Every structure is written in structure tokens, then in C-alpha cells.
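entry03.cif, holding mmCIF, N, CA and C atoms and all ligand atoms:
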```
data_upload
loop_
_atom_site.label_atom_id
_atom_site.label_comp_id
_atom_site.auth_asym_id
_atom_site.auth_seq_id
_atom_site.Cartn_x
_atom_site.Cartn_y
_atom_site.Cartn_z
N MET A 1 9.66 -8.19 -3.98
CA MET A 1 8.41 -7.45 -3.82
C MET A 1 8.66 -6.15 -3.07
N GLY A 2 9.68 -6.14 -2.20
CA GLY A 2 9.95 -4.96 -1.41
C GLY A 2 10.24 -3.72 -2.22
N GLU A 3 10.84 -3.90 -3.39
CA GLU A 3 11.21 -2.74 -4.17
C GLU A 3 10.01 -2.06 -4.83
N THR A 4 8.91 -2.77 -4.95
CA THR A 4 7.73 -2.14 -5.55
C THR A 4 6.90 -1.39 -4.51
N MET A 5 7.30 -1.49 -3.26
CA MET A 5 6.49 -0.89 -2.21
C MET A 5 6.65 0.63 -2.20
N SER A 6 5.57 1.34 -2.29
CA SER A 6 5.67 2.79 -2.24
C SER A 6 5.66 3.23 -0.78
N THR A 7 6.25 4.37 -0.52
CA THR A 7 6.39 4.82 0.85
C THR A 7 5.28 5.78 1.24
N ASP A 8 5.08 5.88 2.53
CA ASP A 8 4.06 6.80 3.03
C ASP A 8 4.46 8.25 2.81
N VAL A 9 3.48 9.07 2.59
CA VAL A 9 3.71 10.50 2.49
C VAL A 9 3.09 11.16 3.72
N GLU A 10 3.89 11.95 4.38
CA GLU A 10 3.42 12.58 5.61
C GLU A 10 2.24 13.50 5.33
N GLY A 11 1.25 13.47 6.20
CA GLY A 11 0.10 14.34 6.04
C GLY A 11 -0.91 13.86 5.03
N GLU A 12 -0.74 12.62 4.55
CA GLU A 12 -1.73 12.05 3.65
C GLU A 12 -2.26 10.76 4.23
N CYS A 13 -3.37 10.31 3.70
CA CYS A 13 -4.06 9.14 4.24
C CYS A 13 -3.20 7.87 4.12
N ASN A 14 -2.60 7.66 2.95
CA ASN A 14 -1.69 6.53 2.70
C ASN A 14 -2.34 5.15 2.74
N ALA A 15 -3.65 5.06 2.79
CA ALA A 15 -4.30 3.75 2.71
C ALA A 15 -3.86 3.05 1.43
N ARG A 16 -3.75 1.72 1.50
CA ARG A 16 -3.26 0.98 0.35
C ARG A 16 -4.32 0.04 -0.21
N LEU A 17 -4.23 -0.17 -1.49
CA LEU A 17 -4.97 -1.23 -2.15
C LEU A 17 -3.97 -2.00 -3.00
N PHE A 18 -3.89 -3.30 -2.79
CA PHE A 18 -2.96 -4.13 -3.54
C PHE A 18 -3.73 -4.87 -4.62
N ILE A 19 -3.39 -4.64 -5.87
CA ILE A 19 -4.09 -5.32 -6.95
C ILE A 19 -3.06 -6.05 -7.82
N SER A 20 -3.52 -7.06 -8.51
CA SER A 20 -2.65 -7.76 -9.43
C SER A 20 -2.61 -7.01 -10.75
N ASP A 21 -1.56 -7.18 -11.48
CA ASP A 21 -1.54 -6.60 -12.81
C ASP A 21 -2.20 -7.57 -13.79
N ASP A 22 -2.28 -7.16 -15.05
CA ASP A 22 -2.97 -7.95 -16.06
C ASP A 22 -2.39 -9.36 -16.19
N TYR A 23 -1.11 -9.49 -15.94
CA TYR A 23 -0.46 -10.76 -16.17
C TYR A 23 -0.41 -11.61 -14.90
N GLY A 24 -0.86 -11.02 -13.81
CA GLY A 24 -1.00 -11.80 -12.59
C GLY A 24 0.28 -12.15 -11.88
N ASP A 25 1.42 -11.62 -12.35
CA ASP A 25 2.67 -12.01 -11.71
C ASP A 25 3.28 -10.89 -10.88
N ASN A 26 2.67 -9.73 -10.94
CA ASN A 26 3.18 -8.61 -10.17
C ASN A 26 2.03 -7.98 -9.40
N CYS A 27 2.40 -7.25 -8.39
CA CYS A 27 1.41 -6.55 -7.62
C CYS A 27 1.57 -5.06 -7.87
N ARG A 28 0.47 -4.37 -8.00
CA ARG A 28 0.54 -2.93 -8.08
C ARG A 28 -0.07 -2.37 -6.81
N THR A 29 0.56 -1.39 -6.25
CA THR A 29 0.07 -0.78 -5.03
C THR A 29 -0.53 0.57 -5.35
N LEU A 30 -1.75 0.78 -4.91
CA LEU A 30 -2.38 2.09 -5.03
C LEU A 30 -2.38 2.73 -3.65
N ARG A 31 -2.08 4.01 -3.61
CA ARG A 31 -1.99 4.71 -2.34
C ARG A 31 -2.92 5.92 -2.34
N CYS A 32 -3.71 6.02 -1.27
CA CYS A 32 -4.66 7.13 -1.18
C CYS A 32 -3.94 8.42 -0.81
N PRO A 33 -4.06 9.47 -1.63
CA PRO A 33 -3.32 10.71 -1.38
C PRO A 33 -4.10 11.74 -0.60
N HIS A 34 -5.24 11.37 -0.03
CA HIS A 34 -6.05 12.37 0.65
C HIS A 34 -5.62 12.57 2.09
N GLU A 35 -6.25 13.52 2.76
CA GLU A 35 -5.82 13.85 4.11
C GLU A 35 -6.16 12.71 5.07
N PRO A 36 -5.37 12.55 6.14
CA PRO A 36 -5.64 11.46 7.09
C PRO A 36 -7.04 11.59 7.69
N GLY A 37 -7.73 10.47 7.81
CA GLY A 37 -9.05 10.46 8.41
C GLY A 37 -10.12 11.09 7.54
N HIS A 38 -9.87 11.20 6.26
CA HIS A 38 -10.86 11.81 5.37
C HIS A 38 -12.13 10.97 5.33
N PRO A 39 -13.28 11.62 5.08
CA PRO A 39 -14.53 10.86 5.01
C PRO A 39 -14.65 10.11 3.69
N GLY A 40 -15.47 9.08 3.69
CA GLY A 40 -15.77 8.35 2.45
C GLY A 40 -14.69 7.36 2.07
N ASP A 41 -14.81 6.87 0.85
CA ASP A 41 -13.89 5.86 0.36
C ASP A 41 -12.51 6.45 0.10
N HIS A 42 -11.51 5.57 0.15
CA HIS A 42 -10.20 5.96 -0.35
C HIS A 42 -10.30 6.07 -1.86
N VAL A 43 -9.60 6.99 -2.42
CA VAL A 43 -9.73 7.21 -3.86
C VAL A 43 -8.38 7.61 -4.44
N VAL A 44 -8.11 7.11 -5.63
CA VAL A 44 -6.90 7.52 -6.32
C VAL A 44 -7.19 7.54 -7.81
N LYS A 45 -6.58 8.47 -8.50
CA LYS A 45 -6.70 8.53 -9.96
C LYS A 45 -5.45 7.91 -10.54
N ILE A 46 -5.65 6.97 -11.46
CA ILE A 46 -4.50 6.39 -12.13
C ILE A 46 -4.56 6.72 -13.62
N THR A 47 -3.40 6.77 -14.22
CA THR A 47 -3.31 7.14 -15.62
C THR A 47 -3.05 5.91 -16.48
N GLY A 48 -3.87 5.71 -17.46
CA GLY A 48 -3.67 4.63 -18.41
C GLY A 48 -3.07 5.17 -19.69
N PHE A 49 -3.11 4.38 -20.73
CA PHE A 49 -2.56 4.85 -22.00
C PHE A 49 -3.44 5.91 -22.64
N ASN A 50 -4.75 5.84 -22.38
CA ASN A 50 -5.68 6.75 -23.03
C ASN A 50 -6.58 7.44 -22.01
N GLY A 51 -5.97 8.07 -21.05
CA GLY A 51 -6.77 8.81 -20.09
C GLY A 51 -6.62 8.27 -18.69
N THR A 52 -7.49 8.74 -17.80
CA THR A 52 -7.36 8.39 -16.40
C THR A 52 -8.55 7.57 -15.93
N ALA A 53 -8.34 6.87 -14.85
CA ALA A 53 -9.41 6.13 -14.20
C ALA A 53 -9.39 6.49 -12.72
N THR A 54 -10.55 6.50 -12.13
CA THR A 54 -10.65 6.77 -10.70
C THR A 54 -10.99 5.48 -9.99
N ILE A 55 -10.21 5.11 -9.00
CA ILE A 55 -10.42 3.88 -8.24
C ILE A 55 -10.85 4.24 -6.83
N LEU A 56 -11.93 3.63 -6.39
CA LEU A 56 -12.43 3.82 -5.03
C LEU A 56 -12.31 2.51 -4.27
N TRP A 57 -11.90 2.57 -3.01
CA TRP A 57 -11.92 1.37 -2.18
C TRP A 57 -12.19 1.74 -0.74
N THR A 58 -12.67 0.77 0.02
CA THR A 58 -13.13 1.08 1.37
C THR A 58 -12.15 0.65 2.44
N THR A 59 -11.42 -0.43 2.21
CA THR A 59 -10.59 -1.00 3.27
C THR A 59 -9.12 -0.76 3.00
N ASP A 60 -8.47 -0.14 3.96
CA ASP A 60 -7.03 0.03 3.89
C ASP A 60 -6.38 -1.34 4.06
N GLU A 61 -5.60 -1.76 3.09
CA GLU A 61 -5.04 -3.11 3.11
C GLU A 61 -3.63 -3.17 3.68
N ARG A 62 -3.20 -2.08 4.30
CA ARG A 62 -1.88 -2.14 4.92
C ARG A 62 -1.88 -3.13 6.07
N PHE A 63 -0.71 -3.67 6.35
CA PHE A 63 -0.54 -4.66 7.40
C PHE A 63 -0.31 -3.94 8.73
N VAL A 64 -1.02 -4.37 9.77
CA VAL A 64 -0.79 -3.82 11.09
C VAL A 64 -0.03 -4.85 11.92
N CYS A 65 1.19 -4.51 12.32
CA CYS A 65 2.03 -5.40 13.11
C CYS A 65 1.86 -5.04 14.58
N GLU A 66 1.75 -6.08 15.41
CA GLU A 66 1.58 -5.83 16.84
C GLU A 66 2.76 -5.11 17.44
N ARG A 67 3.94 -5.35 16.88
CA ARG A 67 5.15 -4.75 17.45
C ARG A 67 5.52 -3.44 16.78
N HIS A 68 5.27 -3.33 15.49
CA HIS A 68 5.78 -2.17 14.76
C HIS A 68 4.68 -1.24 14.25
N GLY A 69 3.44 -1.56 14.53
CA GLY A 69 2.36 -0.68 14.11
C GLY A 69 2.01 -0.84 12.64
N ILE A 70 1.39 0.18 12.10
CA ILE A 70 0.89 0.08 10.73
C ILE A 70 2.05 0.15 9.75
N GLN A 71 2.03 -0.75 8.78
CA GLN A 71 3.10 -0.86 7.80
C GLN A 71 2.61 -0.41 6.43
N PRO A 72 3.49 0.19 5.64
CA PRO A 72 3.05 0.69 4.33
C PRO A 72 2.70 -0.40 3.33
N GLY A 73 3.14 -1.62 3.60
CA GLY A 73 2.90 -2.70 2.65
C GLY A 73 2.00 -3.77 3.23
N GLU A 74 1.99 -4.93 2.59
CA GLU A 74 1.12 -6.01 3.02
C GLU A 74 1.80 -6.96 3.99
N TYR A 75 3.00 -6.61 4.41
CA TYR A 75 3.66 -7.36 5.48
C TYR A 75 4.58 -6.40 6.21
N CYS A 76 5.09 -6.84 7.38
CA CYS A 76 5.93 -5.95 8.20
C CYS A 76 7.40 -6.12 7.80
N VAL A 77 7.98 -5.08 7.24
CA VAL A 77 9.37 -5.16 6.77
C VAL A 77 10.35 -5.39 7.94
N PRO A 78 10.27 -4.66 9.06
CA PRO A 78 11.21 -4.92 10.17
C PRO A 78 11.14 -6.36 10.67
N CYS A 79 9.96 -6.95 10.76
CA CYS A 79 9.84 -8.33 11.23
C CYS A 79 10.48 -9.30 10.24
N VAL A 80 10.27 -9.07 8.94
CA VAL A 80 10.86 -9.95 7.94
C VAL A 80 12.37 -9.84 7.96
N ASP A 81 12.88 -8.61 8.12
CA ASP A 81 14.33 -8.41 8.20
C ASP A 81 14.92 -9.14 9.39
N GLU A 82 14.24 -9.04 10.53
CA GLU A 82 14.69 -9.72 11.73
C GLU A 82 14.76 -11.22 11.53
N ARG A 83 13.70 -11.76 10.91
CA ARG A 83 13.65 -13.20 10.68
C ARG A 83 14.79 -13.62 9.76
N ARG A 84 15.03 -12.81 8.72
CA ARG A 84 16.13 -13.11 7.80
C ARG A 84 17.47 -13.08 8.52
N ALA A 85 17.67 -12.08 9.38
CA ALA A 85 18.93 -11.91 10.08
C ALA A 85 19.18 -13.06 11.04
N SER A 86 18.12 -13.55 11.70
CA SER A 86 18.29 -14.61 12.69
C SER A 86 18.54 -15.95 12.03
N ARG A 87 18.21 -16.05 10.74
CA ARG A 87 18.40 -17.30 10.02
C ARG A 87 19.85 -17.45 9.57
N SER A 88 20.51 -16.32 9.28
CA SER A 88 21.86 -16.41 8.73
C SER A 88 22.92 -16.54 9.82
ZN ZN B 1 -7.79 7.42 2.14
ZN ZN B 2 6.67 -6.09 12.85
#
```
Could you show the structure in this file as C-alpha cells?
Amino acid sequence: MGETMSTDVEGECNARLFISDDYGDNCRTLRCPHEPGHPGDHVVKITGFNGTATILWTTDERFVCERHGIQPGEYCVPCVDERRASRS
């Protein structure tokens, strides 16, 4: 799942919405490209096969870790890496 995670862009809102794809086995991440602290809903335009769609959402679904702060994905990568390292 880590490889599908998109990275934050400096100077943009970067709020995330995690949705399932049509087949339910993958996650697609939508990232808000607007300025940080912008008013209103997060919004992103996505391109389909026959045109574009505009998606609006209200809640940033990024994970907030007590130790590492806000994370670009739905879990904290440094914490997971640490856990993996301590297991081996
Ligand atoms: Zn936003
Ligand atoms: Zn963490």
C-alpha cells in the first residue's frame, strides 16, 4: 500500500481522501491541491475516460501521529518502519 501513497506538495493543502476503486481491492488517494487553510471543502478534479469529475470532501483523512505529526497517508510510515525493524 505504501507505494500508492502520494506525497505532500509544499505550499498546498494536501488534505487526503481515501476511496476504494471499483473492484474494491485497491485504494485510491485524492489530494487537495489548494492553498493551506483554504476556505470551504477540499476539492480535486479527476480525469475519467470521458471527461473530468470534481470531488468535494470536508474531512482531511490523513493520519495524525502523536510522535510524528500529520502523515500523508492513512497510517504513520515512521512508526510502521520502527515496528518492522524491532521485529526482525
Ligand atoms: Zn484542501
Ligand atoms: Zn508515528
Which of region 12-47 of chain A DSSP labels strand (DSSP E), written as a PDB file with N, CA and C atoms, keeping the file's coordinate frame:
```pdb
ATOM      1  N   ARG A  16      -3.750   1.720   1.500  1.00  0.00           N
ATOM      2  CA  ARG A  16      -3.260   0.980   0.350  1.00  0.00           C
ATOM      3  C   ARG A  16      -4.320   0.040  -0.210  1.00  0.00           C
ATOM      4  N   LEU A  17      -4.230  -0.170  -1.490  1.00  0.00           N
ATOM      5  CA  LEU A  17      -4.970  -1.230  -2.150  1.00  0.00           C
ATOM      6  C   LEU A  17      -3.970  -2.000  -3.000  1.00  0.00           C
ATOM      7  N   PHE A  18      -3.890  -3.300  -2.790  1.00  0.00           N
ATOM      8  CA  PHE A  18      -2.960  -4.130  -3.540  1.00  0.00           C
ATOM      9  C   PHE A  18      -3.730  -4.870  -4.620  1.00  0.00           C
ATOM     10  N   ILE A  19      -3.390  -4.640  -5.870  1.00  0.00           N
ATOM     11  CA  ILE A  19      -4.090  -5.320  -6.950  1.00  0.00           C
ATOM     12  C   ILE A  19      -3.060  -6.050  -7.820  1.00  0.00           C
ATOM     13  N   SER A  20      -3.520  -7.060  -8.510  1.00  0.00           N
ATOM     14  CA  SER A  20      -2.650  -7.760  -9.430  1.00  0.00           C
ATOM     15  C   SER A  20      -2.610  -7.010 -10.750  1.00  0.00           C
ATOM     16  N   CYS A  27       2.400  -7.250  -8.390  1.00  0.00           N
ATOM     17  CA  CYS A  27       1.410  -6.550  -7.620  1.00  0.00           C
ATOM     18  C   CYS A  27       1.570  -5.060  -7.870  1.00  0.00           C
ATOM     19  N   ARG A  28       0.470  -4.370  -8.000  1.00  0.00           N
ATOM     20  CA  ARG A  28       0.540  -2.930  -8.080  1.00  0.00           C
ATOM     21  C   ARG A  28      -0.070  -2.370  -6.810  1.00  0.00           C
ATOM     22  N   THR A  29       0.560  -1.390  -6.250  1.00  0.00           N
ATOM     23  CA  THR A  29       0.070  -0.780  -5.030  1.00  0.00           C
ATOM     24  C   THR A  29      -0.530   0.570  -5.350  1.00  0.00           C
ATOM     25  N   LEU A  30      -1.750   0.780  -4.910  1.00  0.00           N
ATOM     26  CA  LEU A  30      -2.380   2.090  -5.030  1.00  0.00           C
ATOM     27  C   LEU A  30      -2.380   2.730  -3.650  1.00  0.00           C
ATOM     28  N   ARG A  31      -2.080   4.010  -3.610  1.00  0.00           N
ATOM     29  CA  ARG A  31      -1.990   4.710  -2.340  1.00  0.00           C
ATOM     30  C   ARG A  31      -2.920   5.920  -2.340  1.00  0.00           C
ATOM     31  N   HIS A  42     -11.510   5.570   0.150  1.00  0.00           N
ATOM     32  CA  HIS A  42     -10.200   5.960  -0.350  1.00  0.00           C
ATOM     33  C   HIS A  42     -10.300   6.070  -1.860  1.00  0.00           C
ATOM     34  N   VAL A  43      -9.600   6.990  -2.420  1.00  0.00           N
ATOM     35  CA  VAL A  43      -9.730   7.210  -3.860  1.00  0.00           C
ATOM     36  C   VAL A  43      -8.380   7.610  -4.440  1.00  0.00           C
ATOM     37  N   VAL A  44      -8.110   7.110  -5.630  1.00  0.00           N
ATOM     38  CA  VAL A  44      -6.900   7.520  -6.320  1.00  0.00           C
ATOM     39  C   VAL A  44      -7.190   7.540  -7.810  1.00  0.00           C
ATOM     40  N   LYS A  45      -6.580   8.470  -8.500  1.00  0.00           N
ATOM     41  CA  LYS A  45      -6.700   8.530  -9.960  1.00  0.00           C
ATOM     42  C   LYS A  45      -5.450   7.910 -10.540  1.00  0.00           C
ATOM     43  N   ILE A  46      -5.650   6.970 -11.460  1.00  0.00           N
ATOM     44  CA  ILE A  46      -4.500   6.390 -12.130  1.00  0.00           C
ATOM     45  C   ILE A  46      -4.560   6.720 -13.620  1.00  0.00           C
ATOM     46  N   THR A  47      -3.400   6.770 -14.220  1.00  0.00           N
ATOM     47  CA  THR A  47      -3.310   7.140 -15.620  1.00  0.00           C
ATOM     48  C   THR A  47      -3.050   5.910 -16.480  1.00  0.00           C
TER      49      THR A  47
END
```
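Using all atoms listed in the file, the protein and nucleic acid residues lying no more than 7 Å from region 30-33 of chain A, apart from those fewer than 3 places from it along its own chain, are Gly11, Glu12, Cys13, Asn14, Ala15, Arg16, Leu17, Phe18, Ile19, Pro36, His42, Val43 and Val44 of chain A.
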Would you save the residues from that selection as a tab-separated table (two decimals), in the frame of the given file, using N, CA and C atoms?
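Produced file part_23.tsv, reproduced below:
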```tsv
chain	number	residue	atom	x	y	z
A	11	GLY	N	1.25	13.47	6.20
A	11	GLY	CA	0.10	14.34	6.04
A	11	GLY	C	-0.91	13.86	5.03
A	12	GLU	N	-0.74	12.62	4.55
A	12	GLU	CA	-1.73	12.05	3.65
A	12	GLU	C	-2.26	10.76	4.23
A	13	CYS	N	-3.37	10.31	3.70
A	13	CYS	CA	-4.06	9.14	4.24
A	13	CYS	C	-3.20	7.87	4.12
A	14	ASN	N	-2.60	7.66	2.95
A	14	ASN	CA	-1.69	6.53	2.70
A	14	ASN	C	-2.34	5.15	2.74
A	15	ALA	N	-3.65	5.06	2.79
A	15	ALA	CA	-4.30	3.75	2.71
A	15	ALA	C	-3.86	3.05	1.43
A	16	ARG	N	-3.75	1.72	1.50
A	16	ARG	CA	-3.26	0.98	0.35
A	16	ARG	C	-4.32	0.04	-0.21
A	17	LEU	N	-4.23	-0.17	-1.49
A	17	LEU	CA	-4.97	-1.23	-2.15
A	17	LEU	C	-3.97	-2.00	-3.00
A	18	PHE	N	-3.89	-3.30	-2.79
A	18	PHE	CA	-2.96	-4.13	-3.54
A	18	PHE	C	-3.73	-4.87	-4.62
A	19	ILE	N	-3.39	-4.64	-5.87
A	19	ILE	CA	-4.09	-5.32	-6.95
A	19	ILE	C	-3.06	-6.05	-7.82
A	36	PRO	N	-5.37	12.55	6.14
A	36	PRO	CA	-5.64	11.46	7.09
A	36	PRO	C	-7.04	11.59	7.69
A	42	HIS	N	-11.51	5.57	0.15
A	42	HIS	CA	-10.20	5.96	-0.35
A	42	HIS	C	-10.30	6.07	-1.86
A	43	VAL	N	-9.60	6.99	-2.42
A	43	VAL	CA	-9.73	7.21	-3.86
A	43	VAL	C	-8.38	7.61	-4.44
A	44	VAL	N	-8.11	7.11	-5.63
A	44	VAL	CA	-6.90	7.52	-6.32
A	44	VAL	C	-7.19	7.54	-7.81
```
In terms of the shortest atom-to-atom distance over only C-alpha atoms, which of A:Thr29, A:Ser86, A:Thr7, A:Ser20 is closest to Glu61 (chain A)?
->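 Closest residue, counting only C-alpha atoms: A:Thr29.
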Can you pull out every residue within 7 Å of region 71-79 of chain A, counting only N, CA and C atoms, but drop anything in the same chain fewer than 2 positions away, and send it as an mmCIF file with N, CA and C atoms, keeping the file's coordinate frame?
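Below is the file that was written, out_10.cif:
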```cif
data_model
loop_
_atom_site.group_PDB
_atom_site.id
_atom_site.type_symbol
_atom_site.label_atom_id
_atom_site.label_comp_id
_atom_site.auth_asym_id
_atom_site.auth_seq_id
_atom_site.Cartn_x
_atom_site.Cartn_y
_atom_site.Cartn_z
ATOM 1 N N MET A 5 7.300 -1.490 -3.260
ATOM 2 C CA MET A 5 6.490 -0.890 -2.210
ATOM 3 C C MET A 5 6.650 0.630 -2.200
ATOM 4 N N SER A 6 5.570 1.340 -2.290
ATOM 5 C CA SER A 6 5.670 2.790 -2.240
ATOM 6 C C SER A 6 5.660 3.230 -0.780
ATOM 7 N N THR A 7 6.250 4.370 -0.520
ATOM 8 C CA THR A 7 6.390 4.820 0.850
ATOM 9 C C THR A 7 5.280 5.780 1.240
ATOM 10 N N ASP A 8 5.080 5.880 2.530
ATOM 11 C CA ASP A 8 4.060 6.800 3.030
ATOM 12 C C ASP A 8 4.460 8.250 2.810
ATOM 13 N N ARG A 16 -3.750 1.720 1.500
ATOM 14 C CA ARG A 16 -3.260 0.980 0.350
ATOM 15 C C ARG A 16 -4.320 0.040 -0.210
ATOM 16 N N GLU A 61 -5.600 -1.760 3.090
ATOM 17 C CA GLU A 61 -5.040 -3.110 3.110
ATOM 18 C C GLU A 61 -3.630 -3.170 3.680
ATOM 19 N N ARG A 62 -3.200 -2.080 4.300
ATOM 20 C CA ARG A 62 -1.880 -2.140 4.920
ATOM 21 C C ARG A 62 -1.880 -3.130 6.070
ATOM 22 N N PHE A 63 -0.710 -3.670 6.350
ATOM 23 C CA PHE A 63 -0.540 -4.660 7.400
ATOM 24 C C PHE A 63 -0.310 -3.940 8.730
ATOM 25 N N VAL A 64 -1.020 -4.370 9.770
ATOM 26 C CA VAL A 64 -0.790 -3.820 11.090
ATOM 27 C C VAL A 64 -0.030 -4.850 11.920
ATOM 28 N N CYS A 65 1.190 -4.510 12.320
ATOM 29 C CA CYS A 65 2.030 -5.400 13.110
ATOM 30 C C CYS A 65 1.860 -5.040 14.580
ATOM 31 N N HIS A 68 5.270 -3.330 15.490
ATOM 32 C CA HIS A 68 5.780 -2.170 14.760
ATOM 33 C C HIS A 68 4.680 -1.240 14.250
ATOM 34 N N GLY A 69 3.440 -1.560 14.530
ATOM 35 C CA GLY A 69 2.360 -0.680 14.110
ATOM 36 C C GLY A 69 2.010 -0.840 12.640
ATOM 37 N N ASP A 81 12.880 -8.610 8.120
ATOM 38 C CA ASP A 81 14.330 -8.410 8.200
ATOM 39 C C ASP A 81 14.920 -9.140 9.390
ATOM 40 N N GLU A 82 14.240 -9.040 10.530
ATOM 41 C CA GLU A 82 14.690 -9.720 11.730
ATOM 42 C C GLU A 82 14.760 -11.220 11.530
ATOM 43 N N ARG A 83 13.700 -11.760 10.910
ATOM 44 C CA ARG A 83 13.650 -13.200 10.680
ATOM 45 C C ARG A 83 14.790 -13.620 9.760
ATOM 46 N N ARG A 84 15.030 -12.810 8.720
ATOM 47 C CA ARG A 84 16.130 -13.110 7.800
ATOM 48 C C ARG A 84 17.470 -13.080 8.520
#
```
For Leu56 (chain A), the nearest of the candidates A:Ile70, A:Gly40, A:Val9, A:Asp22, counting only C-alpha atoms =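 Selected residue with least distance to Leu56 (chain A): A:Gly40.
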Expressed in Å to a single decimal, how great is the separation between atom C of Ile55 (chain A) and atom C of Asp41 (chain A)?
->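 Computing it gives 7.5 Å between the two atoms.
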